[in-house]
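Colleague: What follows is model.txt, compact mmCIF, C-alpha atoms and all ligand atoms.
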```txt
# COMPACT_ATOMS: atom_id res chain seq x y z
CA MET U 550 186.62 13.14 -1.11
CA THR U 551 183.21 14.79 -1.14
CA THR U 552 180.80 11.89 -1.70
CA ALA U 553 181.22 8.17 -2.15
CA SER U 554 181.62 8.34 -5.92
CA ILE U 555 183.44 11.69 -6.19
CA VAL U 556 187.08 11.66 -5.14
CA SER U 557 190.00 14.01 -5.63
CA GLY U 558 191.74 13.30 -8.90
CA ARG U 559 195.49 12.95 -9.39
CA HIS U 560 197.60 14.29 -12.26
CA TRP U 561 196.44 17.82 -13.04
CA HIS U 562 197.76 21.35 -12.73
CA ALA U 563 196.45 24.90 -12.76
CA LEU U 564 197.04 27.05 -15.82
CA GLU U 565 197.87 30.75 -15.76
CA ASP U 566 194.61 31.61 -17.53
CA GLY U 567 192.57 30.21 -14.63
CA ARG U 568 191.73 26.88 -16.23
CA ILE U 569 192.84 23.50 -14.87
CA GLN U 570 194.54 20.96 -17.12
CA CYS U 571 193.96 17.24 -16.59
CA ASP U 572 197.23 15.36 -17.16
CA VAL U 573 195.91 11.80 -17.07
CA CYS U 574 195.73 11.23 -20.81
CA PRO U 575 197.16 12.87 -23.93
CA ARG U 576 193.98 14.87 -24.46
CA PHE U 577 195.08 17.21 -21.67
CA CYS U 578 191.58 18.67 -21.27
CA LYS U 579 191.62 22.28 -20.06
CA LEU U 580 188.59 22.98 -17.94
CA GLN U 581 186.70 25.84 -16.35
CA ASP U 582 184.88 25.26 -13.09
CA GLY U 583 181.98 22.85 -13.58
CA GLN U 584 183.21 21.43 -16.88
CA GLN U 585 183.73 17.73 -17.60
CA GLY U 586 186.57 16.27 -19.60
CA LEU U 587 185.95 14.44 -22.87
CA CYS U 588 185.92 11.18 -20.93
CA PHE U 589 182.88 12.43 -19.00
CA VAL U 590 183.93 10.93 -15.64
CA ARG U 591 186.70 13.41 -14.77
CA ALA U 592 185.62 16.96 -14.05
CA ARG U 593 186.66 20.22 -12.49
CA GLN U 594 184.93 21.06 -9.23
CA GLY U 595 186.12 24.34 -7.73
CA ASP U 596 189.88 24.41 -7.80
CA GLU U 597 190.55 20.73 -8.33
CA MET U 598 190.00 17.84 -10.69
CA VAL U 599 187.81 15.02 -9.45
CA LEU U 600 186.85 11.54 -10.53
CA THR U 601 183.06 11.24 -10.41
CA SER U 602 182.68 7.49 -10.88
CA TYR U 603 184.72 6.06 -8.00
CA GLY U 604 183.10 2.86 -6.73
CA ARG U 605 180.41 2.88 -9.43
CA SER U 606 180.20 0.05 -11.91
CA SER U 607 178.11 -0.64 -14.98
CA GLY U 608 177.96 -4.30 -13.97
CA PHE U 609 180.03 -7.38 -13.22
CA CYS U 610 180.49 -10.57 -15.13
CA ILE U 611 182.70 -13.64 -14.76
CA ASP U 612 184.44 -14.34 -18.06
CA PRO U 613 187.15 -16.69 -19.26
CA ILE U 614 190.51 -14.88 -19.17
CA GLU U 615 190.83 -15.75 -22.87
CA LYS U 616 188.03 -13.27 -23.56
CA LYS U 617 190.13 -10.23 -22.53
CA PRO U 618 191.95 -11.57 -24.66
CA LEU U 619 194.91 -12.98 -22.71
CA ASN U 620 196.21 -16.33 -23.95
CA HIS U 621 199.40 -16.54 -21.88
CA PHE U 622 198.05 -15.48 -18.49
CA LEU U 623 196.56 -18.15 -16.21
CA PRO U 624 194.84 -19.98 -19.11
CA GLY U 625 191.41 -21.44 -18.42
CA THR U 626 190.77 -19.36 -15.30
CA PRO U 627 187.74 -17.15 -14.56
CA VAL U 628 188.16 -13.38 -14.31
CA LEU U 629 185.74 -10.97 -12.64
CA SER U 630 185.20 -8.23 -15.23
CA PHE U 631 183.71 -4.80 -14.81
CA GLY U 632 183.66 -1.31 -16.23
CA THR U 633 182.26 2.11 -15.45
CA ALA U 634 181.20 4.75 -17.96
CA GLY U 635 182.89 7.04 -20.46
CA CYS U 636 186.06 6.79 -22.55
CA ASN U 637 188.95 9.01 -23.64
CA LEU U 638 188.88 7.96 -27.28
CA THR U 639 186.01 8.35 -29.72
CA CYS U 640 186.35 5.23 -31.89
CA LYS U 641 183.67 5.12 -34.55
CA PHE U 642 183.70 1.32 -34.42
CA CYS U 643 183.34 1.06 -30.63
CA GLN U 644 182.06 -2.41 -29.67
CA ASN U 645 181.01 -1.26 -26.16
CA TRP U 646 179.50 2.09 -27.08
CA ASP U 647 176.53 1.79 -24.73
CA ILE U 648 179.03 1.91 -21.83
CA SER U 649 181.82 4.02 -23.25
CA LYS U 650 179.43 6.70 -24.53
CA ALA U 651 177.26 6.63 -21.41
CA ARG U 652 176.55 10.14 -20.23
CA GLU U 653 174.54 9.42 -17.11
CA ILE U 654 176.13 8.32 -13.88
CA ASP U 655 172.73 6.75 -13.09
CA ARG U 656 173.63 3.97 -15.48
CA LEU U 657 176.24 2.88 -12.97
CA ASN U 658 174.02 0.70 -10.89
CA ASP U 659 176.39 -1.29 -8.76
CA TRP U 660 178.05 0.34 -5.75
CA ALA U 661 181.37 -1.48 -5.74
CA PRO U 662 184.19 -0.26 -3.50
CA PRO U 663 187.54 -2.03 -4.08
CA GLU U 664 187.18 -4.34 -1.06
CA ALA U 665 183.76 -5.55 -2.24
CA ILE U 666 185.17 -6.35 -5.69
CA VAL U 667 187.99 -8.41 -4.22
CA ALA U 668 185.56 -10.22 -1.91
CA ALA U 669 183.27 -11.01 -4.86
CA ALA U 670 186.20 -12.32 -6.89
CA GLU U 671 187.31 -14.56 -4.02
CA LYS U 672 183.79 -15.84 -3.44
CA ALA U 673 183.41 -16.70 -7.14
CA GLY U 674 186.79 -18.41 -7.33
CA CYS U 675 188.21 -15.88 -9.77
CA ARG U 676 191.98 -15.67 -10.04
CA SER U 677 191.88 -12.13 -11.35
CA VAL U 678 189.83 -8.95 -11.69
CA ALA U 679 189.72 -7.14 -15.04
CA PHE U 680 189.03 -3.47 -15.69
CA THR U 681 187.36 -3.70 -19.04
CA TYR U 682 184.29 -2.70 -21.13
CA ASN U 683 185.56 0.90 -21.00
CA ASP U 684 189.09 2.21 -20.54
CA PRO U 685 190.29 2.14 -16.92
CA VAL U 686 192.78 4.96 -17.54
CA ILE U 687 189.94 7.45 -17.05
CA PHE U 688 189.00 5.99 -13.65
CA LEU U 689 192.65 5.67 -12.62
CA GLU U 690 192.18 6.24 -8.86
CA TYR U 691 189.45 3.59 -8.64
CA ALA U 692 191.38 1.12 -10.81
CA VAL U 693 194.63 1.57 -8.87
CA ASP U 694 192.94 1.21 -5.47
CA THR U 695 191.16 -1.93 -6.68
CA ALA U 696 194.34 -3.40 -8.15
CA ARG U 697 196.12 -2.74 -4.85
CA ALA U 698 193.32 -4.39 -2.87
CA CYS U 699 193.47 -7.37 -5.24
CA ARG U 700 197.21 -7.79 -4.77
CA ALA U 701 196.82 -7.71 -1.00
CA ARG U 702 194.59 -10.81 -1.26
CA GLY U 703 196.50 -12.69 -3.94
CA ILE U 704 194.08 -11.82 -6.75
CA LYS U 705 195.64 -10.57 -10.00
CA ALA U 706 194.66 -7.26 -11.60
CA VAL U 707 194.18 -7.00 -15.36
CA ALA U 708 193.81 -3.79 -17.38
CA VAL U 709 192.09 -3.94 -20.75
CA THR U 710 193.04 -0.61 -22.24
CA ALA U 711 193.79 1.41 -25.34
CA GLY U 712 197.06 2.50 -23.74
CA TYR U 713 196.10 6.15 -24.22
CA VAL U 714 197.70 7.52 -21.08
CA SER U 715 200.14 10.35 -20.43
CA ASP U 716 203.80 9.92 -19.50
CA GLU U 717 203.03 11.33 -16.06
CA ALA U 718 200.13 9.02 -15.22
CA ARG U 719 201.48 5.84 -16.84
CA PRO U 720 203.65 4.61 -13.92
CA ASP U 721 200.84 5.33 -11.44
CA PHE U 722 198.29 3.45 -13.54
CA TYR U 723 200.45 0.34 -14.01
CA SER U 724 202.04 0.31 -10.55
CA ASP U 725 199.80 -2.48 -9.22
CA MET U 726 198.68 -4.17 -12.43
CA ASP U 727 199.70 -7.76 -13.13
CA ALA U 728 198.60 -8.02 -16.74
CA ALA U 729 197.24 -5.90 -19.55
CA ASN U 730 195.76 -6.25 -22.95
CA VAL U 731 196.52 -3.14 -24.96
CA ASP U 732 194.54 -2.26 -28.06
CA LEU U 733 196.81 -1.18 -30.88
CA LYS U 734 193.94 0.00 -33.03
CA GLY U 735 195.89 0.52 -36.22
CA PHE U 736 199.34 1.54 -37.28
CA THR U 737 198.88 4.91 -38.94
CA GLU U 738 198.43 8.32 -37.39
CA ASP U 739 195.67 8.92 -39.94
CA PHE U 740 193.63 5.98 -38.61
CA TYR U 741 194.05 7.09 -35.01
CA HIS U 742 193.19 10.67 -35.89
CA ARG U 743 190.22 10.08 -38.20
CA ILE U 744 188.64 6.98 -36.68
CA CYS U 745 189.63 7.08 -33.00
CA GLY U 746 190.04 10.79 -32.27
CA GLY U 747 193.52 10.25 -30.82
CA HIS U 748 197.16 9.77 -31.71
CA LEU U 749 199.28 6.69 -32.34
CA ALA U 750 202.53 7.74 -30.62
CA PRO U 751 201.30 7.67 -26.97
CA VAL U 752 200.01 4.11 -27.45
CA LEU U 753 203.39 2.96 -28.79
CA GLU U 754 205.06 4.69 -25.85
CA THR U 755 202.81 2.74 -23.47
CA LEU U 756 203.81 -0.55 -25.11
CA VAL U 757 207.52 0.28 -24.92
CA TYR U 758 207.07 1.34 -21.28
CA LEU U 759 205.34 -1.92 -20.38
CA LYS U 760 208.05 -3.98 -22.03
CA HIS U 761 211.10 -2.18 -20.74
CA HIS U 762 210.05 -0.64 -17.41
CA THR U 763 207.55 -3.04 -15.79
CA ASP U 764 206.91 -6.69 -15.00
CA VAL U 765 203.33 -6.44 -16.28
CA TRP U 766 202.48 -9.33 -18.58
CA PHE U 767 200.88 -7.82 -21.68
CA GLU U 768 199.39 -8.86 -24.98
CA ILE U 769 198.29 -6.71 -27.91
CA THR U 770 194.99 -6.71 -29.77
CA THR U 771 194.33 -5.21 -33.17
CA LEU U 772 190.73 -5.19 -34.39
CA LEU U 773 190.91 -5.44 -38.17
CA ILE U 774 188.32 -3.34 -40.01
CA PRO U 775 187.87 -4.07 -43.71
CA GLY U 776 189.34 -1.28 -45.82
CA ALA U 777 190.38 0.80 -42.80
CA ASN U 778 193.42 -0.83 -41.18
CA ASP U 779 193.77 -4.25 -42.80
CA SER U 780 196.20 -3.68 -45.70
CA ASP U 781 199.23 -5.94 -46.05
CA GLU U 782 201.45 -2.89 -45.67
CA GLU U 783 199.89 -1.71 -42.41
CA ILE U 784 199.89 -5.21 -40.89
CA THR U 785 203.53 -5.69 -41.93
CA ASN U 786 204.57 -2.35 -40.44
CA LEU U 787 202.72 -3.05 -37.20
CA SER U 788 204.20 -6.52 -36.86
CA GLN U 789 207.73 -5.33 -37.63
CA TRP U 790 207.43 -2.61 -35.02
CA VAL U 791 206.25 -5.13 -32.41
CA GLY U 792 209.15 -7.45 -33.24
CA ASP U 793 211.76 -4.67 -33.29
CA ARG U 794 210.66 -2.72 -30.21
CA LEU U 795 208.99 -5.34 -28.02
CA GLY U 796 210.50 -8.61 -29.21
CA PRO U 797 208.96 -11.66 -30.92
CA ASP U 798 207.39 -13.17 -27.78
CA VAL U 799 204.71 -10.53 -27.12
CA PRO U 800 201.41 -12.16 -28.20
CA LEU U 801 199.49 -10.33 -30.90
CA HIS U 802 195.76 -10.92 -31.45
CA PHE U 803 194.00 -10.01 -34.70
CA THR U 804 190.28 -9.89 -33.97
CA ALA U 805 187.17 -9.58 -36.09
CA PHE U 806 185.19 -6.35 -36.36
CA HIS U 807 181.39 -6.41 -36.19
CA PRO U 808 179.43 -3.45 -37.62
CA ASP U 809 178.65 -1.21 -34.65
CA TRP U 810 178.17 2.36 -33.38
CA LYS U 811 179.03 4.74 -36.26
CA MET U 812 180.48 2.11 -38.58
CA THR U 813 177.43 0.04 -39.45
CA ASP U 814 177.99 0.44 -43.19
CA ILE U 815 181.16 -1.70 -43.17
CA PRO U 816 180.83 -5.50 -43.26
CA GLY U 817 182.29 -7.75 -40.58
CA THR U 818 185.87 -8.95 -40.97
CA PRO U 819 186.17 -12.17 -43.00
CA ALA U 820 188.07 -15.02 -41.34
CA ALA U 821 190.44 -14.96 -44.33
CA THR U 822 191.57 -11.43 -43.40
CA LEU U 823 192.49 -12.49 -39.86
CA GLN U 824 194.33 -15.50 -41.19
CA ARG U 825 196.19 -13.37 -43.74
CA ALA U 826 197.24 -10.97 -40.96
CA ARG U 827 198.40 -13.87 -38.82
CA ARG U 828 200.45 -15.25 -41.69
CA ILE U 829 202.13 -11.87 -42.32
CA ALA U 830 202.98 -11.35 -38.64
CA ARG U 831 204.44 -14.84 -38.36
CA GLU U 832 206.50 -14.31 -41.53
CA VAL U 833 207.84 -11.13 -40.00
CA GLY U 834 209.04 -13.27 -37.10
CA LEU U 835 206.48 -12.93 -34.29
CA HIS U 836 206.10 -16.15 -32.31
CA HIS U 837 202.57 -15.94 -30.91
CA VAL U 838 200.00 -14.52 -33.29
CA TYR U 839 196.31 -15.30 -32.82
CA THR U 840 193.06 -14.89 -34.69
CA GLY U 841 190.13 -13.90 -32.48
CA ASN U 842 186.32 -13.75 -32.50
CA ILE U 843 186.17 -16.64 -34.97
CA HIS U 844 186.34 -20.43 -34.78
CA ASP U 845 189.91 -21.14 -35.92
CA SER U 846 191.68 -23.75 -33.88
CA GLN U 847 194.94 -23.30 -35.80
CA GLY U 848 194.99 -19.53 -35.33
CA GLY U 849 193.57 -19.62 -31.81
CA SER U 850 195.98 -22.19 -30.38
CA THR U 851 199.47 -21.73 -28.95
CA TRP U 852 202.33 -23.48 -30.72
CA CYS U 853 205.90 -23.98 -29.57
CA PRO U 854 208.14 -21.51 -31.44
CA ASN U 855 211.05 -23.93 -31.04
CA CYS U 856 209.66 -27.34 -32.11
CA ALA U 857 206.15 -26.42 -33.42
CA ALA U 858 204.39 -28.73 -30.93
CA LEU U 859 200.86 -27.86 -29.85
CA LEU U 860 201.11 -26.21 -26.42
CA ILE U 861 197.59 -24.95 -25.72
CA GLU U 862 194.71 -25.93 -27.95
CA ARG U 863 191.81 -23.47 -28.14
CA ASP U 864 188.53 -23.22 -29.94
CA TRP U 865 187.43 -19.63 -29.34
CA PHE U 866 187.52 -19.47 -25.49
CA THR U 867 187.50 -23.23 -24.83
CA LEU U 868 190.76 -25.01 -24.05
CA GLY U 869 191.57 -28.43 -25.47
CA ARG U 870 194.84 -30.36 -25.35
CA TRP U 871 197.56 -29.08 -23.00
CA GLY U 872 201.20 -29.45 -24.01
CA LEU U 873 202.95 -27.61 -21.18
CA ASP U 874 204.74 -29.21 -18.26
CA ARG U 875 204.14 -28.01 -14.70
CA ALA U 876 206.79 -25.31 -15.08
CA GLY U 877 205.15 -23.82 -18.19
CA CYS U 878 207.63 -25.34 -20.68
CA CYS U 879 206.98 -27.31 -23.86
CA ARG U 880 206.61 -31.00 -23.00
CA SER U 881 208.23 -31.97 -26.27
CA CYS U 882 211.41 -29.86 -26.25
CA GLY U 883 211.46 -28.02 -22.89
CA HIS U 884 211.27 -24.54 -24.44
CA PRO U 885 209.76 -22.11 -21.88
CA LEU U 886 206.55 -20.42 -22.98
CA PRO U 887 206.53 -16.70 -22.14
CA GLY U 888 203.65 -15.72 -19.86
CA ARG U 889 202.27 -16.55 -16.44
CA PHE U 890 201.30 -20.19 -16.03
CA GLU U 891 200.30 -22.48 -13.21
CA ALA U 892 201.00 -26.20 -12.97
CA GLU U 893 197.56 -27.02 -14.38
CA PRO U 894 195.20 -25.08 -16.66
CA GLY U 895 191.93 -23.76 -15.25
CA SER U 896 188.63 -25.36 -16.16
CA TRP U 897 186.28 -22.38 -16.40
CA GLY U 898 185.55 -22.98 -20.09
CA ALA U 899 183.66 -20.46 -22.22
CA ARG U 900 180.99 -19.57 -19.65
CA ARG U 901 179.89 -15.99 -19.08
CA GLN U 902 178.17 -15.43 -15.75
CA PRO U 903 176.70 -12.07 -14.63
CA VAL U 904 177.31 -11.21 -10.97
CA ARG U 905 175.48 -8.74 -8.74
CA LEU U 906 177.43 -7.18 -5.90
CA GLN U 907 175.44 -6.88 -2.71
CA SER U 908 177.16 -3.82 -1.31
CA THR U 909 174.93 -1.02 -0.10
CA ALA U 910 175.64 2.46 -1.39
CA PRO U 911 176.35 4.96 1.37
S1 LIG N 1 191.39 11.61 -18.63
FE1 LIG N 1 189.48 12.61 -19.29
S2 LIG N 1 189.58 14.70 -18.45
FE2 LIG N 1 191.65 13.84 -18.36
S3 LIG N 1 192.65 14.53 -20.26
FE3 LIG N 1 191.81 12.48 -20.66
S4 LIG N 1 189.75 12.85 -21.53
FE4 LIG N 1 190.42 14.76 -20.57
```
Rewrite the structure of this file - the entire thing - as structure tokens.
Ligand code: SF4

Modeller:
Amino acid sequence: MTTASIVSGRHWHALEDGRIQCDVCPRFCKLQDGQQGLCFVRARQGDEMVLTSYGRSSGFCIDPIEKKPLNHFLPGTPVLSFGTAGCNLTCKFCQNWDISKAREIDRLNDWAPPEAIVAAAEKAGCRSVAFTYNDPVIFLEYAVDTARACRARGIKAVAVTAGYVSDEARPDFYSDMDAANVDLKGFTEDFYHRICGGHLAPVLETLVYLKHHTDVWFEITTLLIPGANDSDEEITNLSQWVGDRLGPDVPLHFTAFHPDWKMTDIPGTPAATLQRARRIAREVGLHHVYTGNIHDSQGGSTWCPNCAALLIERDWFTLGRWGLDRAGCCRSCGHPLPGRFEAEPGSWGARRQPVRLQSTAP
């Protein structure tokens, strides 16, 4: 470690031609001394890779856990959310582009070492801390240390991520995570290549890894963009893959796109598109399919896959009727709902509350 925000990076190796290759994500950036990776926050300094944003945050906010979105993980509870700067994908529709495209570390105002984040979460009554706004894979060392500190104090750690991580770094990244929401941005290589600047296969590998090699609770989000990834065929293929490779109980969220960043010429997603996608995924056999970013109580609520009873009523991020018993099973038929549930739902509601950490930068 050289300064408070610059720490030695993990997962890299030297190449024979004198460059260093970062092995954190499938971009495998090959860098000369002084160069930054595409993500902006990892760089080569001398003969090693470093993370330059350790302990630096773009801001903290207490959100409902449903906003991540996670519908089967401690429903109704508040989560302390934060991000840093940079990203390892280049999505033209980015909804957080002011953070993910940030190119100045000065934007990272809050000095926030892991212990201070956990203390702030405890003080605010948050049950979990979420790495969100930009992808935590690129600040892996900071995210893992924070997740570990959270676990030590009984606070859960949540990764909101595109799942674009290498085989080598994946186990390290998820080792201390309790939950994740993984963006599955589309279901064609063409969409990933043209719109996101990445590849589909590593994301699918992350989902399979989470399901078959970890205890991390995870849900999937697909942002539907009119004319880009919302055809019946693509939604059917995506849903079938989820059912075949991950099983029918993994929740799938279809959320609405808003014109942003480099895709301002495309209109927002109509509610009917999200509802069509939900219908297709349910017909394919998935049990928990949600519409998001719209008012749709039917599509936003959780229903028992066994007896069709209402289990968790939602209107956007606000919970309504509760149909689970204290063990997280359907009160009508006893069918267990997959996820992580407590005896009672939380009561945070839809509030969004900015938080300022008081830590002093060294
Ligand atoms: S994490 Fe950053 S530096 Fe490393 S390969 Fe990915 S984009 Fe490049």

Colleague: Could you give me the residues within 9 Å of ligand LIG 1 (chain N), counting all atoms listed in the file, as a ChimeraX atom specification?

Modeller: /U:560-561,570-580,585-593,598,600,635-638,686-689,713-715

Colleague: With 4 Å on each side, where is the centre of the axis-aligned box around all listed atoms of range 699-703 of chain U, and how long are its edges in Å to one decimal, as JSON?

Modeller:
```
{"center_x": 195.3, "center_y": -10.0, "center_z": -3.1, "size_x": 11.7, "size_y": 13.3, "size_z": 12.2}
```

Colleague: Identify which of the residues U:Ile829, U:Leu623, U:Ala669, U:Val556 lies closest to Ser896 in chain U, counting only C-alpha atoms when measuring atom-to-atom distances.

Modeller: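 Closest candidate: U:Leu623.
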
Colleague: May I have the residues within 12 Å of Asp596 in chain U as a ChimeraX atom specification, using all atoms listed in the file and disregarding those fewer than 6 positions away in the same chain?

Modeller: /U:557-558,561-564,567-570,580-584

Colleague: Neighbouring residues of range 609-621 of chain U were defined as those with any atom within 9 Å, considering only C-alpha atoms; residues of the same chain fewer than 6 positions away were excluded. Please report them as number ranges by chain.

Modeller: U: 627-632, 659, 670, 673, 675, 677, 679, 681, 707, 709, 728-730, 766-770, 800, 802, 839, 841, 849-851, 861, 865-867, 886-890, 897-906

Colleague: Separation of CA of Asp864 in chain U and CA of Ser846 in chain U, in Å?

Modeller: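 A separation of 5.1 Å between them.
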
Colleague: I need the residue nearest Ile704 in chain U from this list: U:Ser724, U:Thr626, U:Gln644, U:Thr639. Use only C-alpha atoms for the distance.

Modeller: U:Thr626
